[in-house]
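Chemist: My structure file coords-v2.csv, CSV, C-alpha atoms, is below:
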chain,number,residue,atom,x,y,z
A,156,MET,CA,-68.0,-2.8,-138.7
A,157,THR,CA,-66.5,-3.7,-142.1
A,158,ASP,CA,-62.9,-3.3,-141.3
A,159,PRO,CA,-61.3,-6.7,-141.8
A,160,LEU,CA,-58.6,-5.9,-139.2
A,161,HIS,CA,-61.4,-5.4,-136.7
A,162,ASP,CA,-62.5,-9.0,-137.2
A,163,VAL,CA,-58.9,-10.2,-137.0
A,164,LEU,CA,-58.4,-8.4,-133.7
A,165,THR,CA,-61.7,-9.6,-132.4
A,166,ASP,CA,-60.9,-13.2,-133.2
A,167,GLU,CA,-57.3,-12.9,-131.9
A,168,GLY,CA,-58.6,-11.3,-128.6
A,169,ARG,CA,-61.1,-14.1,-128.2
A,170,ARG,CA,-58.5,-16.8,-128.9
A,171,TRP,CA,-56.1,-15.2,-126.4
A,172,ARG,CA,-58.7,-15.0,-123.7
A,173,ASP,CA,-59.8,-18.6,-124.3
A,174,ALA,CA,-56.2,-19.8,-124.0
A,175,LEU,CA,-55.6,-18.1,-120.7
A,176,GLY,CA,-55.2,-20.3,-117.7
A,177,PRO,CA,-57.1,-19.7,-114.5
A,178,ASP,CA,-56.9,-16.3,-112.9
A,179,PRO,CA,-54.4,-16.1,-110.1
A,180,ASP,CA,-55.9,-16.3,-106.7
A,181,ILE,CA,-55.9,-13.0,-104.9
A,182,VAL,CA,-54.9,-14.5,-101.6
A,183,ALA,CA,-52.3,-16.8,-103.0
A,184,LEU,CA,-50.8,-14.0,-105.1
A,185,LEU,CA,-50.5,-11.6,-102.1
A,186,GLY,CA,-49.3,-14.3,-99.8
A,187,ASP,CA,-46.7,-15.9,-102.1
A,188,PRO,CA,-43.3,-15.5,-100.4
A,189,ARG,CA,-41.6,-15.6,-103.7
A,190,ARG,CA,-43.1,-12.3,-104.8
A,191,ARG,CA,-40.2,-9.9,-105.0
A,192,ARG,CA,-42.1,-6.7,-104.4
A,193,ARG,CA,-43.7,-7.6,-101.2
A,194,ARG,CA,-44.4,-4.7,-98.9
A,195,PRO,CA,-45.8,-4.7,-95.4
A,196,ILE,CA,-49.1,-3.3,-96.7
A,197,LEU,CA,-49.4,-6.2,-99.2
A,198,LEU,CA,-48.9,-8.7,-96.4
A,199,ALA,CA,-51.5,-6.9,-94.4
A,200,VAL,CA,-53.9,-6.9,-97.4
A,201,ALA,CA,-53.3,-10.6,-97.8
A,202,ALA,CA,-54.1,-11.1,-94.1
A,203,ALA,CA,-57.2,-9.1,-94.4
A,204,VAL,CA,-58.3,-11.1,-97.4
A,205,VAL,CA,-57.7,-14.4,-95.6
A,206,ILE,CA,-59.7,-13.1,-92.7
A,207,VAL,CA,-62.5,-12.0,-95.0
A,208,ALA,CA,-62.4,-15.4,-96.7
A,209,ALA,CA,-62.5,-17.2,-93.4
A,210,GLY,CA,-65.3,-15.1,-92.3
A,211,ILE,CA,-67.3,-15.8,-95.4
A,212,MET,CA,-66.7,-19.5,-95.0
A,213,LEU,CA,-68.0,-19.4,-91.5
A,214,ALA,CA,-70.9,-17.3,-92.6
A,215,VAL,CA,-72.0,-19.7,-95.3
A,216,SER,CA,-71.3,-22.9,-93.3
A,217,PRO,CA,-74.6,-24.6,-92.6
A,218,SER,CA,-73.4,-25.7,-89.2
A,219,HIS,CA,-72.6,-22.2,-88.3
A,220,ASP,CA,-75.9,-20.5,-89.0
A,221,SER,CA,-79.2,-22.0,-89.8
A,222,THR,CA,-80.6,-18.7,-91.1
A,223,PRO,CA,-81.9,-19.1,-94.7
A,224,ARG,CA,-79.3,-18.0,-97.2
A,225,GLU,CA,-79.6,-14.8,-99.2
A,226,GLY,CA,-80.5,-15.0,-102.9
A,227,PRO,CA,-77.8,-14.9,-105.5
A,228,GLY,CA,-76.1,-11.6,-106.1
A,229,ARG,CA,-77.2,-10.2,-102.7
A,230,ALA,CA,-74.7,-9.5,-100.0
A,231,ALA,CA,-75.3,-11.5,-96.9
A,232,ASP,CA,-76.3,-9.4,-94.0
A,233,HIS,CA,-74.0,-11.1,-91.6
A,234,ALA,CA,-70.9,-11.8,-93.6
A,235,ALA,CA,-68.1,-11.5,-91.1
A,236,SER,CA,-64.7,-10.1,-91.7
A,237,CYS,CA,-63.4,-10.2,-88.2
A,238,VAL,CA,-61.6,-6.9,-88.5
A,239,GLY,CA,-59.9,-5.6,-85.5
A,240,PRO,CA,-60.2,-2.1,-84.0
A,241,LEU,CA,-58.4,0.6,-85.9
A,242,LEU,CA,-57.1,3.7,-84.2
A,243,THR,CA,-55.8,6.3,-86.6
A,244,VAL,CA,-55.2,10.0,-87.2
A,245,THR,CA,-57.4,10.5,-90.2
A,246,LYS,CA,-61.1,10.0,-90.4
A,247,ASP,CA,-61.0,7.3,-93.0
A,248,GLY,CA,-57.6,5.9,-92.0
A,249,ARG,CA,-56.4,6.1,-95.6
A,250,GLU,CA,-53.0,7.5,-94.8
A,251,VAL,CA,-51.9,4.3,-93.1
A,252,GLY,CA,-52.3,0.8,-94.3
A,253,PRO,CA,-52.8,-2.1,-92.0
A,254,GLY,CA,-49.5,-3.1,-90.4
A,255,ARG,CA,-48.3,0.5,-90.3
A,256,ARG,CA,-48.5,2.6,-87.3
A,257,PRO,CA,-50.1,6.0,-87.7
A,258,THR,CA,-48.3,9.0,-86.4
A,259,LEU,CA,-49.2,12.5,-85.3
A,260,GLY,CA,-45.7,13.8,-85.9
A,261,THR,CA,-44.4,16.3,-83.5
A,262,VAL,CA,-46.8,18.0,-81.1
A,263,THR,CA,-46.3,20.4,-78.3
A,264,ALA,CA,-47.3,19.8,-74.7
A,265,GLY,CA,-50.7,21.2,-74.2
A,266,GLN,CA,-51.7,20.9,-77.8
A,267,GLN,CA,-55.0,19.2,-78.9
A,268,VAL,CA,-55.0,16.4,-81.3
A,269,THR,CA,-57.8,14.4,-82.9
A,270,VAL,CA,-57.8,10.7,-83.2
A,271,TYR,CA,-60.3,8.4,-84.9
A,272,GLY,CA,-61.4,4.9,-84.0
A,273,ARG,CA,-63.2,2.4,-86.2
A,274,TRP,CA,-64.4,-1.1,-85.7
A,275,TYR,CA,-64.4,-1.1,-82.0
A,276,PHE,CA,-66.5,-4.2,-81.6
A,277,ALA,CA,-66.8,-6.3,-78.5
A,278,GLY,CA,-65.7,-10.0,-78.6
A,279,PRO,CA,-62.8,-11.8,-80.2
A,280,CYS,CA,-64.3,-11.5,-83.7
A,281,GLN,CA,-65.3,-8.0,-84.7
A,282,ASP,CA,-67.9,-8.6,-87.3
A,283,THR,CA,-68.8,-6.0,-89.9
A,284,TRP,CA,-72.1,-5.9,-91.6
A,285,THR,CA,-71.9,-5.7,-95.4
A,286,SER,CA,-75.4,-4.4,-95.7
A,287,GLY,CA,-74.5,-1.3,-93.9
A,288,ALA,CA,-77.0,-2.0,-91.2
A,289,GLY,CA,-74.3,-1.7,-88.6
A,290,PRO,CA,-73.7,-3.7,-85.4
A,291,THR,CA,-76.2,-4.1,-82.7
A,292,PRO,CA,-75.5,-1.9,-79.7
A,293,ALA,CA,-74.4,-4.9,-77.7
A,294,GLY,CA,-71.8,-5.7,-80.4
A,295,ARG,CA,-69.6,-2.7,-79.8
A,296,MET,CA,-67.2,-1.9,-77.1
A,297,ALA,CA,-68.8,0.2,-74.3
A,298,VAL,CA,-65.7,2.1,-73.4
A,299,VAL,CA,-62.3,2.7,-74.9
A,300,ARG,CA,-59.6,4.4,-72.8
A,301,LEU,CA,-57.1,6.4,-74.7
A,302,SER,CA,-53.9,6.8,-72.8
A,303,LEU,CA,-50.6,8.5,-73.4
A,304,THR,CA,-47.2,6.9,-72.6
A,305,ALA,CA,-44.5,9.5,-72.7
A,306,SER,CA,-40.8,9.1,-72.9
A,307,ASP,CA,-40.5,8.9,-69.2
A,308,HIS,CA,-42.8,5.8,-69.4
A,309,ARG,CA,-45.4,7.6,-67.4
A,310,GLN,CA,-48.9,6.5,-68.6
A,311,ARG,CA,-52.0,8.5,-68.1
A,312,VAL,CA,-55.5,8.3,-69.5
A,313,LEU,CA,-56.3,11.2,-71.8
A,314,ALA,CA,-59.9,10.3,-72.5
A,315,THR,CA,-62.6,7.7,-72.1
A,316,VAL,CA,-64.7,7.4,-75.2
A,317,HIS,CA,-67.8,5.5,-76.1
A,318,PRO,CA,-68.0,4.1,-79.7
A,319,ASP,CA,-71.2,5.1,-81.5
A,320,ARG,CA,-73.6,2.8,-83.3
A,321,SER,CA,-71.2,2.1,-86.0
A,322,ALA,CA,-68.5,1.2,-83.4
A,323,ALA,CA,-66.5,4.3,-84.3
A,324,PHE,CA,-65.5,7.4,-82.4
A,325,VAL,CA,-63.7,10.7,-82.8
A,326,ALA,CA,-61.7,11.9,-79.8
A,327,THR,CA,-60.0,15.3,-79.3
A,328,LEU,CA,-57.2,14.8,-76.8
A,329,THR,CA,-55.1,17.3,-75.0
A,330,ILE,CA,-51.4,16.4,-74.6
A,331,PRO,CA,-50.7,17.2,-71.0
A,332,ALA,CA,-48.7,20.3,-70.5
A,333,ASP,CA,-46.2,18.4,-68.3
A,334,ALA,CA,-45.8,15.5,-70.7
A,335,ALA,CA,-42.1,14.5,-70.9
A,336,PRO,CA,-40.6,15.5,-74.2
A,337,GLY,CA,-39.6,12.9,-76.7
A,338,PRO,CA,-41.2,9.9,-78.4
A,339,ALA,CA,-44.6,8.9,-77.0
A,340,THR,CA,-47.5,6.8,-77.9
A,341,ILE,CA,-51.3,7.0,-77.6
A,342,ASP,CA,-52.7,3.6,-76.7
A,343,ASP,CA,-56.3,2.4,-76.9
A,344,GLY,CA,-55.8,-0.6,-74.6
A,345,ALA,CA,-56.6,-2.9,-77.5
A,346,GLY,CA,-53.1,-3.1,-79.0
A,347,ASN,CA,-53.4,-0.1,-81.3
A,348,LEU,CA,-50.9,2.7,-81.0
A,349,ILE,CA,-50.4,6.1,-82.5
A,350,ASP,CA,-46.9,7.5,-82.5
A,351,LEU,CA,-46.0,11.1,-81.7
A,352,VAL,CA,-43.1,13.1,-80.5
A,353,VAL,CA,-43.7,15.6,-77.7
A,354,ALA,CA,-41.6,18.7,-78.5
A,355,GLY,CA,-39.3,19.8,-75.8
B,971,MET,CA,-51.6,9.5,-116.0
B,972,ILE,CA,-54.7,7.6,-116.7
B,973,ARG,CA,-57.7,8.6,-114.7
B,974,PRO,CA,-60.9,6.9,-114.0
B,975,GLY,CA,-63.6,8.0,-116.3
B,976,ARG,CA,-66.8,9.9,-115.4
B,977,ALA,CA,-69.4,7.5,-116.5
B,978,ARG,CA,-72.2,6.7,-114.0
B,979,PRO,CA,-71.6,3.5,-112.1
B,980,PRO,CA,-73.8,0.5,-112.8
B,981,ALA,CA,-76.4,-0.2,-110.2
B,982,GLY,CA,-75.2,-2.3,-107.3
B,983,GLU,CA,-71.7,-0.9,-107.2
B,984,ALA,CA,-70.8,0.2,-103.7
B,985,PRO,CA,-68.2,2.5,-102.2
B,986,ALA,CA,-65.2,0.7,-100.8
B,987,ASP,CA,-66.1,0.9,-97.1
B,988,GLU,CA,-69.3,-0.9,-97.6
B,989,LEU,CA,-67.9,-4.2,-98.7
B,990,PRO,CA,-64.9,-6.2,-97.7
B,991,PHE,CA,-62.0,-5.5,-100.0
B,992,ALA,CA,-61.8,-8.9,-101.6
B,993,GLN,CA,-65.4,-9.1,-102.4
B,994,TRP,CA,-65.3,-5.6,-103.8
B,995,VAL,CA,-62.5,-6.4,-106.2
B,996,ALA,CA,-63.3,-10.0,-107.1
B,997,PRO,CA,-66.0,-9.3,-109.8
B,998,HIS,CA,-63.4,-7.3,-111.8
B,999,TRP,CA,-60.4,-9.5,-111.1
B,1000,PRO,CA,-60.5,-11.4,-114.5
B,1001,GLN,CA,-60.4,-8.1,-116.4
B,1002,MET,CA,-57.6,-6.8,-114.2
B,1003,ARG,CA,-55.6,-9.9,-114.8
B,1004,ARG,CA,-56.1,-9.7,-118.6
B,1005,LEU,CA,-55.0,-6.1,-118.7
B,1006,ALA,CA,-52.0,-6.7,-116.6
B,1007,GLU,CA,-50.9,-9.6,-118.7
B,1008,ARG,CA,-51.5,-7.8,-121.9
B,1009,LEU,CA,-49.6,-4.6,-120.9
B,1010,ALA,CA,-46.8,-6.1,-118.8
B,1011,GLY,CA,-46.5,-9.6,-120.0
B,1012,PRO,CA,-47.0,-12.9,-118.1
B,1013,VAL,CA,-43.7,-12.5,-116.1
B,1014,GLU,CA,-44.6,-9.1,-114.7
B,1015,ARG,CA,-48.3,-9.7,-114.5
B,1016,ASP,CA,-48.5,-10.8,-110.9
B,1017,ASP,CA,-46.3,-8.0,-109.7
B,1018,VAL,CA,-48.4,-5.5,-111.5
B,1019,LEU,CA,-51.6,-7.0,-110.0
B,1020,GLN,CA,-50.0,-6.9,-106.6
B,1021,GLU,CA,-49.1,-3.3,-106.9
B,1022,ALA,CA,-52.5,-2.5,-108.3
B,1023,LEU,CA,-54.3,-4.2,-105.4
B,1024,ALA,CA,-52.2,-2.4,-102.9
B,1025,ALA,CA,-52.9,0.9,-104.6
B,1026,ALA,CA,-56.6,0.2,-104.7
B,1027,TRP,CA,-56.5,-0.8,-101.0
B,1028,ARG,CA,-54.8,2.5,-100.1
B,1029,ALA,CA,-57.1,4.6,-102.3
B,1030,ARG,CA,-60.3,2.7,-101.6
B,1031,SER,CA,-61.8,5.4,-99.5
B,1032,ARG,CA,-61.2,7.9,-102.3
B,1033,PHE,CA,-63.2,5.9,-104.9
B,1034,ASP,CA,-66.2,7.9,-105.9
B,1035,PRO,CA,-68.9,5.9,-107.7
B,1036,GLU,CA,-70.3,9.2,-109.0
B,1037,ARG,CA,-67.2,9.7,-111.1
B,1038,GLY,CA,-67.1,6.3,-112.7
B,1039,PRO,CA,-67.7,2.6,-112.4
B,1040,LEU,CA,-65.5,0.5,-110.1
B,1041,ARG,CA,-64.2,-1.7,-112.9
B,1042,ALA,CA,-62.9,1.3,-114.8
B,1043,TRP,CA,-61.2,2.6,-111.6
B,1044,LEU,CA,-59.5,-0.7,-111.0
B,1045,LEU,CA,-58.4,-1.1,-114.6
B,1046,ALA,CA,-57.1,2.4,-114.7
B,1047,ILE,CA,-55.0,1.7,-111.6
B,1048,THR,CA,-53.8,-1.6,-113.2
B,1049,ALA,CA,-52.9,0.2,-116.4
B,1050,ASN,CA,-50.9,2.8,-114.5
B,1051,HIS,CA,-49.0,0.2,-112.6
B,1052,ALA,CA,-48.3,-1.8,-115.8
B,1053,LYS,CA,-46.8,1.3,-117.3
B,1054,LYS,CA,-44.7,2.0,-114.2
B,1055,ALA,CA,-43.5,-1.6,-114.1
B,1056,LEU,CA,-42.3,-1.4,-117.7
B,1057,ARG,CA,-40.7,2.0,-117.1
B,1058,SER,CA,-38.9,1.0,-114.0
B,1059,ALA,CA,-37.7,-2.3,-115.6
B,1060,ARG,CA,-36.0,-0.2,-118.4
B,1061,ARG,CA,-36.1,-3.0,-120.8
B,1062,PRO,CA,-38.0,-3.8,-124.0
B,1063,GLU,CA,-41.6,-4.7,-123.7
B,1064,PRO,CA,-42.3,-8.4,-122.8
B,1065,LEU,CA,-42.6,-9.8,-126.3
B,1066,VAL,CA,-41.3,-13.2,-127.1
B,1067,ASP,CA,-38.4,-13.0,-129.5
B,1068,ARG,CA,-39.5,-13.5,-133.0
B,1069,PRO,CA,-37.8,-16.3,-134.9
B,1070,HIS,CA,-36.0,-14.9,-137.9
B,1071,ASP,CA,-37.7,-17.3,-140.2
B,1072,ASP,CA,-41.2,-16.2,-139.1
B,1073,PRO,CA,-43.3,-15.6,-142.2
B,1074,PRO,CA,-45.0,-12.2,-142.5
B,1075,GLY,CA,-48.5,-12.0,-141.3
B,1076,THR,CA,-48.2,-14.3,-138.4
B,1077,ARG,CA,-49.8,-13.8,-135.0
B,1078,LEU,CA,-46.4,-12.7,-133.6
B,1079,ASP,CA,-46.3,-9.9,-136.2
B,1080,LEU,CA,-49.7,-8.7,-135.0
B,1081,GLU,CA,-48.5,-8.8,-131.4
B,1082,ARG,CA,-45.4,-6.9,-132.2
B,1083,ALA,CA,-47.3,-4.3,-134.2
B,1084,ILE,CA,-49.7,-3.9,-131.3
B,1085,HIS,CA,-46.8,-3.4,-128.9
B,1086,ASP,CA,-45.4,-0.8,-131.1
B,1087,LEU,CA,-48.5,1.3,-131.2
B,1088,PRO,CA,-48.6,4.7,-129.4
B,1089,ALA,CA,-49.6,4.2,-125.8
B,1090,ARG,CA,-53.2,5.4,-126.0
B,1091,GLN,CA,-53.9,3.4,-129.2
B,1092,ARG,CA,-52.4,0.3,-127.7
B,1093,LEU,CA,-54.4,0.7,-124.5
B,1094,ALA,CA,-57.6,1.1,-126.5
B,1095,VAL,CA,-56.8,-2.1,-128.5
B,1096,GLU,CA,-55.9,-4.1,-125.4
B,1097,LEU,CA,-59.1,-3.0,-123.6
B,1098,CYS,CA,-61.5,-3.5,-126.4
B,1099,TYR,CA,-60.1,-6.5,-128.2
B,1100,PHE,CA,-58.2,-8.5,-125.6
B,1101,VAL,CA,-59.6,-7.5,-122.2
B,1102,GLY,CA,-63.0,-7.7,-123.9
B,1103,LEU,CA,-64.6,-4.4,-122.7
B,1104,PRO,CA,-67.3,-2.7,-124.6
B,1105,ILE,CA,-66.5,0.7,-125.9
B,1106,GLY,CA,-68.3,2.5,-123.1
B,1107,GLU,CA,-66.3,0.8,-120.4
B,1108,ALA,CA,-63.0,1.3,-122.3
B,1109,ALA,CA,-63.9,5.0,-122.5
B,1110,ALA,CA,-64.4,5.1,-118.7
B,1111,VAL,CA,-61.0,3.5,-118.1
B,1112,MET,CA,-59.3,5.9,-120.5
B,1113,GLY,CA,-61.2,8.9,-119.2
B,1114,CYS,CA,-62.6,10.0,-122.5
B,1115,ALA,CA,-65.7,9.9,-124.6
B,1116,ASP,CA,-66.9,6.8,-126.4
B,1117,GLY,CA,-66.3,8.5,-129.8
B,1118,THR,CA,-62.7,9.2,-128.8
B,1119,VAL,CA,-62.2,5.5,-128.1
B,1120,LYS,CA,-63.6,4.7,-131.5
B,1121,SER,CA,-61.4,7.1,-133.3
B,1122,THR,CA,-58.4,5.9,-131.3
B,1123,LEU,CA,-59.2,2.4,-132.4
B,1124,SER,CA,-59.5,3.5,-136.0
B,1125,ALA,CA,-56.2,5.2,-135.9
B,1126,ALA,CA,-54.7,2.1,-134.2
B,1127,ARG,CA,-56.0,-0.2,-136.9
B,1128,ALA,CA,-54.6,2.2,-139.6
B,1129,ASN,CA,-51.2,2.0,-137.9
B,1130,LEU,CA,-51.4,-1.8,-137.6
B,1131,ARG,CA,-52.3,-2.1,-141.3
B,1132,ARG,CA,-49.3,0.0,-142.2
B,1133,ALA,CA,-47.1,-2.1,-140.0
B,1134,LEU,CA,-48.4,-5.5,-141.1
B,1135,GLY,CA,-48.6,-4.8,-144.8
B,1136,GLU,CA,-51.2,-5.9,-147.4
B,1137,ASP,CA,-52.1,-9.1,-145.5
B,1138,TYR,CA,-54.4,-7.0,-143.3
B,1139,ALA,CA,-55.4,-4.3,-145.8
Just give me the structure as structure tokens.

Modeler:
Amino acid sequence: MTDPLHDVLTDEGRRWRDALGPDPDIVALLGDPRRRRRRPILLAVAAAVVIVAAGIMLAVSPSHDSTPREGPGRAADHAASCVGPLLTVTKDGREVGPGRRPTLGTVTAGQQVTVYGRWYFAGPCQDTWTSGAGPTPAGRMAVVRLSLTASDHRQRVLATVHPDRSAAFVATLTIPADAAPGPATIDDGAGNLIDLVVAG
Amino acid sequence: MIRPGRARPPAGEAPADELPFAQWVAPHWPQMRRLAERLAGPVERDDVLQEALAAAWRARSRFDPERGPLRAWLLAITANHAKKALRSARRPEPLVDRPHDDPPGTRLDLERAIHDLPARQRLAVELCYFVGLPIGEAAAVMGCADGTVKSTLSAARANLRRALGEDYA
């Protein structure tokens, strides 16, 4: 290109990039308490990033695993992210960020609702497999009990589900016809709750 | 609203759910940082990046590699959040005050002229010259054809020449 201004801009851009300091660290940026626009989801993202980083550190540690390392540019098969189970109301869980509790809104007694579970791995650290190979059958929870706690504090199991090879499940639950009206929760026994309100 | 472009993704890019989020974003982080800093300034940069990361996290399952490369998608989100940040701040763009005795033709004049460009022209200039993207990637970020980026850059340079005077003719 013969436009002299093109050359000026090219030089100026290069000079500007060269003068930049180091990029902000993703984890530090999200975790900086001075950030004024913090939101719960950002904190959750930061926590997820820290967990991922910790998992990667463990995965690459020679004392942790003597398996030969993958070549450059290839995702390690066993990079762990230690994600916890996710119980949600959408298949991909995109309507709720981590740290926010999903909700089914108001449902009537006797109505059927569908809930989705992901990452129901066994053990304290729920590894994910970045290669997409999925967990071994022994790596996932065998059984997840989904129970309803209604406003009268009565708890009853709505379904017993078995996570599939990818440690996920889809469950269609029927809200009992005699469920007490008012705020209620669906619980997976692993600390994940879904809110709902049973209509009177 | 800037939308991710439609170019085919480069080999090796993966949908969001197949890689941990941080690993997914990290290769494109330097470009996101540059664009945020150029469009919103160093003071607002981190807030813009923070918002962009959160938006990308929320929308990660909707990313479609068939519609465009990941970098373009992330940069489009960053550009949108930079625009929102400036709009919500309701104040002039983050340009350092120019000393009154600044001679014409200085770097600050060029910066001011770039800031005064129409939004699309400025975005094209920032992406191609300062973020350092090739035309094709800038087109993907802007959601247009390569030729459109070239003509937008040409119009931007014409406007800059008019603003800067004969020093850049």

Chemist: When you count only C-alpha atoms, which of these residues is closest to Ser321 in chain A: A:Trp274, A:Ala264, A:Arg170, A:Asp162?

Modeler: A:Trp274

Chemist: When you count only C-alpha atoms, which of these residues is closest to Ala996 in chain B: A:Val163, A:Ala174, A:Ile181, A:Leu301?

Modeler: A:Ile181

Chemist: Any idea what the distance is between CA of Ala1025 in chain B and CA of Trp999 in chain B?

Modeler: 14.4 Å

Chemist: What does the distance from CA of Gly260 in chain A to CA of Ile349 in chain A come to in Å, to one decimal?

Modeler: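 It comes out at 9.6 Å.
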
Chemist: Fewer than 2 positions away in the same chain doesn't count, so skip those; otherwise give me all residues within 10 Å of Pro240 in chain A, counting only C-alpha atoms, as a list of chain:residue names.

Modeler: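 Listing them by chain and then by number gives A:Cys237, A:Val238, A:Leu242, A:Thr243, A:Gly272, A:Arg273, A:Trp274, A:Tyr275, A:Phe276, A:Ala277, A:Gln281, A:Met296, A:Ala322, A:Ala323, A:Asp343, A:Ala345, A:Gly346, A:Asn347.
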
Chemist: Might you pull out every residue within 9 Å of His1051 in chain B, with only C-alpha atoms counted and same-chain residues fewer than 4 positions away left off, and present them as a VMD selection string?

Modeler: chain B and resid 1006 1018 to 1019 1021 to 1022 1025 1046 to 1047 1055 to 1056

Chemist: Give the residues of chain B that lie within 10 Å of chain A; count only C-alpha atoms, and format the answer as number ranges by chain.

Modeler: B: 982, 987-993, 995-996, 999-1004, 1007-1008, 1015-1021, 1023-1025, 1027-1032, 1077, 1080-1081, 1095-1102, 1123-1124, 1127-1128, 1130-1131, 1137-1139

Chemist: For C-alpha atoms, I'd like the residues from the last selection saved as a PDB file, in the frame of the given file.

Modeler:
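Full text of out30.pdb as output:
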ATOM      1  CA  GLY B 982     -75.200  -2.300-107.300  1.00  0.00           C
ATOM      2  CA  ASP B 987     -66.100   0.900 -97.100  1.00  0.00           C
ATOM      3  CA  GLU B 988     -69.300  -0.900 -97.600  1.00  0.00           C
ATOM      4  CA  LEU B 989     -67.900  -4.200 -98.700  1.00  0.00           C
ATOM      5  CA  PRO B 990     -64.900  -6.200 -97.700  1.00  0.00           C
ATOM      6  CA  PHE B 991     -62.000  -5.500-100.000  1.00  0.00           C
ATOM      7  CA  ALA B 992     -61.800  -8.900-101.600  1.00  0.00           C
ATOM      8  CA  GLN B 993     -65.400  -9.100-102.400  1.00  0.00           C
ATOM      9  CA  VAL B 995     -62.500  -6.400-106.200  1.00  0.00           C
ATOM     10  CA  ALA B 996     -63.300 -10.000-107.100  1.00  0.00           C
ATOM     11  CA  TRP B 999     -60.400  -9.500-111.100  1.00  0.00           C
ATOM     12  CA  PRO B1000     -60.500 -11.400-114.500  1.00  0.00           C
ATOM     13  CA  GLN B1001     -60.400  -8.100-116.400  1.00  0.00           C
ATOM     14  CA  MET B1002     -57.600  -6.800-114.200  1.00  0.00           C
ATOM     15  CA  ARG B1003     -55.600  -9.900-114.800  1.00  0.00           C
ATOM     16  CA  ARG B1004     -56.100  -9.700-118.600  1.00  0.00           C
ATOM     17  CA  GLU B1007     -50.900  -9.600-118.700  1.00  0.00           C
ATOM     18  CA  ARG B1008     -51.500  -7.800-121.900  1.00  0.00           C
ATOM     19  CA  ARG B1015     -48.300  -9.700-114.500  1.00  0.00           C
ATOM     20  CA  ASP B1016     -48.500 -10.800-110.900  1.00  0.00           C
ATOM     21  CA  ASP B1017     -46.300  -8.000-109.700  1.00  0.00           C
ATOM     22  CA  VAL B1018     -48.400  -5.500-111.500  1.00  0.00           C
ATOM     23  CA  LEU B1019     -51.600  -7.000-110.000  1.00  0.00           C
ATOM     24  CA  GLN B1020     -50.000  -6.900-106.600  1.00  0.00           C
ATOM     25  CA  GLU B1021     -49.100  -3.300-106.900  1.00  0.00           C
ATOM     26  CA  LEU B1023     -54.300  -4.200-105.400  1.00  0.00           C
ATOM     27  CA  ALA B1024     -52.200  -2.400-102.900  1.00  0.00           C
ATOM     28  CA  ALA B1025     -52.900   0.900-104.600  1.00  0.00           C
ATOM     29  CA  TRP B1027     -56.500  -0.800-101.000  1.00  0.00           C
ATOM     30  CA  ARG B1028     -54.800   2.500-100.100  1.00  0.00           C
ATOM     31  CA  ALA B1029     -57.100   4.600-102.300  1.00  0.00           C
ATOM     32  CA  ARG B1030     -60.300   2.700-101.600  1.00  0.00           C
ATOM     33  CA  SER B1031     -61.800   5.400 -99.500  1.00  0.00           C
ATOM     34  CA  ARG B1032     -61.200   7.900-102.300  1.00  0.00           C
ATOM     35  CA  ARG B1077     -49.800 -13.800-135.000  1.00  0.00           C
ATOM     36  CA  LEU B1080     -49.700  -8.700-135.000  1.00  0.00           C
ATOM     37  CA  GLU B1081     -48.500  -8.800-131.400  1.00  0.00           C
ATOM     38  CA  VAL B1095     -56.800  -2.100-128.500  1.00  0.00           C
ATOM     39  CA  GLU B1096     -55.900  -4.100-125.400  1.00  0.00           C
ATOM     40  CA  LEU B1097     -59.100  -3.000-123.600  1.00  0.00           C
ATOM     41  CA  CYS B1098     -61.500  -3.500-126.400  1.00  0.00           C
ATOM     42  CA  TYR B1099     -60.100  -6.500-128.200  1.00  0.00           C
ATOM     43  CA  PHE B1100     -58.200  -8.500-125.600  1.00  0.00           C
ATOM     44  CA  VAL B1101     -59.600  -7.500-122.200  1.00  0.00           C
ATOM     45  CA  GLY B1102     -63.000  -7.700-123.900  1.00  0.00           C
ATOM     46  CA  LEU B1123     -59.200   2.400-132.400  1.00  0.00           C
ATOM     47  CA  SER B1124     -59.500   3.500-136.000  1.00  0.00           C
ATOM     48  CA  ARG B1127     -56.000  -0.200-136.900  1.00  0.00           C
ATOM     49  CA  ALA B1128     -54.600   2.200-139.600  1.00  0.00           C
ATOM     50  CA  LEU B1130     -51.400  -1.800-137.600  1.00  0.00           C
ATOM     51  CA  ARG B1131     -52.300  -2.100-141.300  1.00  0.00           C
ATOM     52  CA  ASP B1137     -52.100  -9.100-145.500  1.00  0.00           C
ATOM     53  CA  TYR B1138     -54.400  -7.000-143.300  1.00  0.00           C
ATOM     54  CA  ALA B1139     -55.400  -4.300-145.800  1.00  0.00           C
TER      55      ALA B1139
END

Chemist: What does the distance from CA of Arg295 in chain A to CA of Pro257 in chain A come to in Å, to one decimal?

Modeler: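 For CA of Arg295 in chain A relative to CA of Pro257 in chain A, the distance reads 22.8 Å.
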
Chemist: Which is closer to Gln266 in chain A than all the others in A:Thr329, A:Thr245, A:Thr304, A:Thr157, using all atoms listed in the file?

Modeler: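 The closest residue to Gln266 in chain A is A:Thr329.
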
Chemist: Which of these, A:Val312, A:Val352, A:Arg320, A:Ile330, has the shortest distance to Thr261 in chain A once you count all atoms listed in the file?

Modeler: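 Residue with the minimum atom-to-atom distance to Thr261 in chain A: A:Val352.
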
Chemist: Looking at B:Arg1057, B:Val1119, B:Ala1126, B:Gly1113, which one is nearest to Gln1091 in chain B, with distances taken over only C-alpha atoms?

Modeler: B:Ala1126

Chemist: Considering all atoms listed in the file, can you say which of B:Leu1087, B:Ala1026, B:Asn1129, B:Ala1115 comes closest to Leu1045 in chain B?

Modeler: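 For Leu1045 in chain B, the nearest of the candidates is B:Ala1026.
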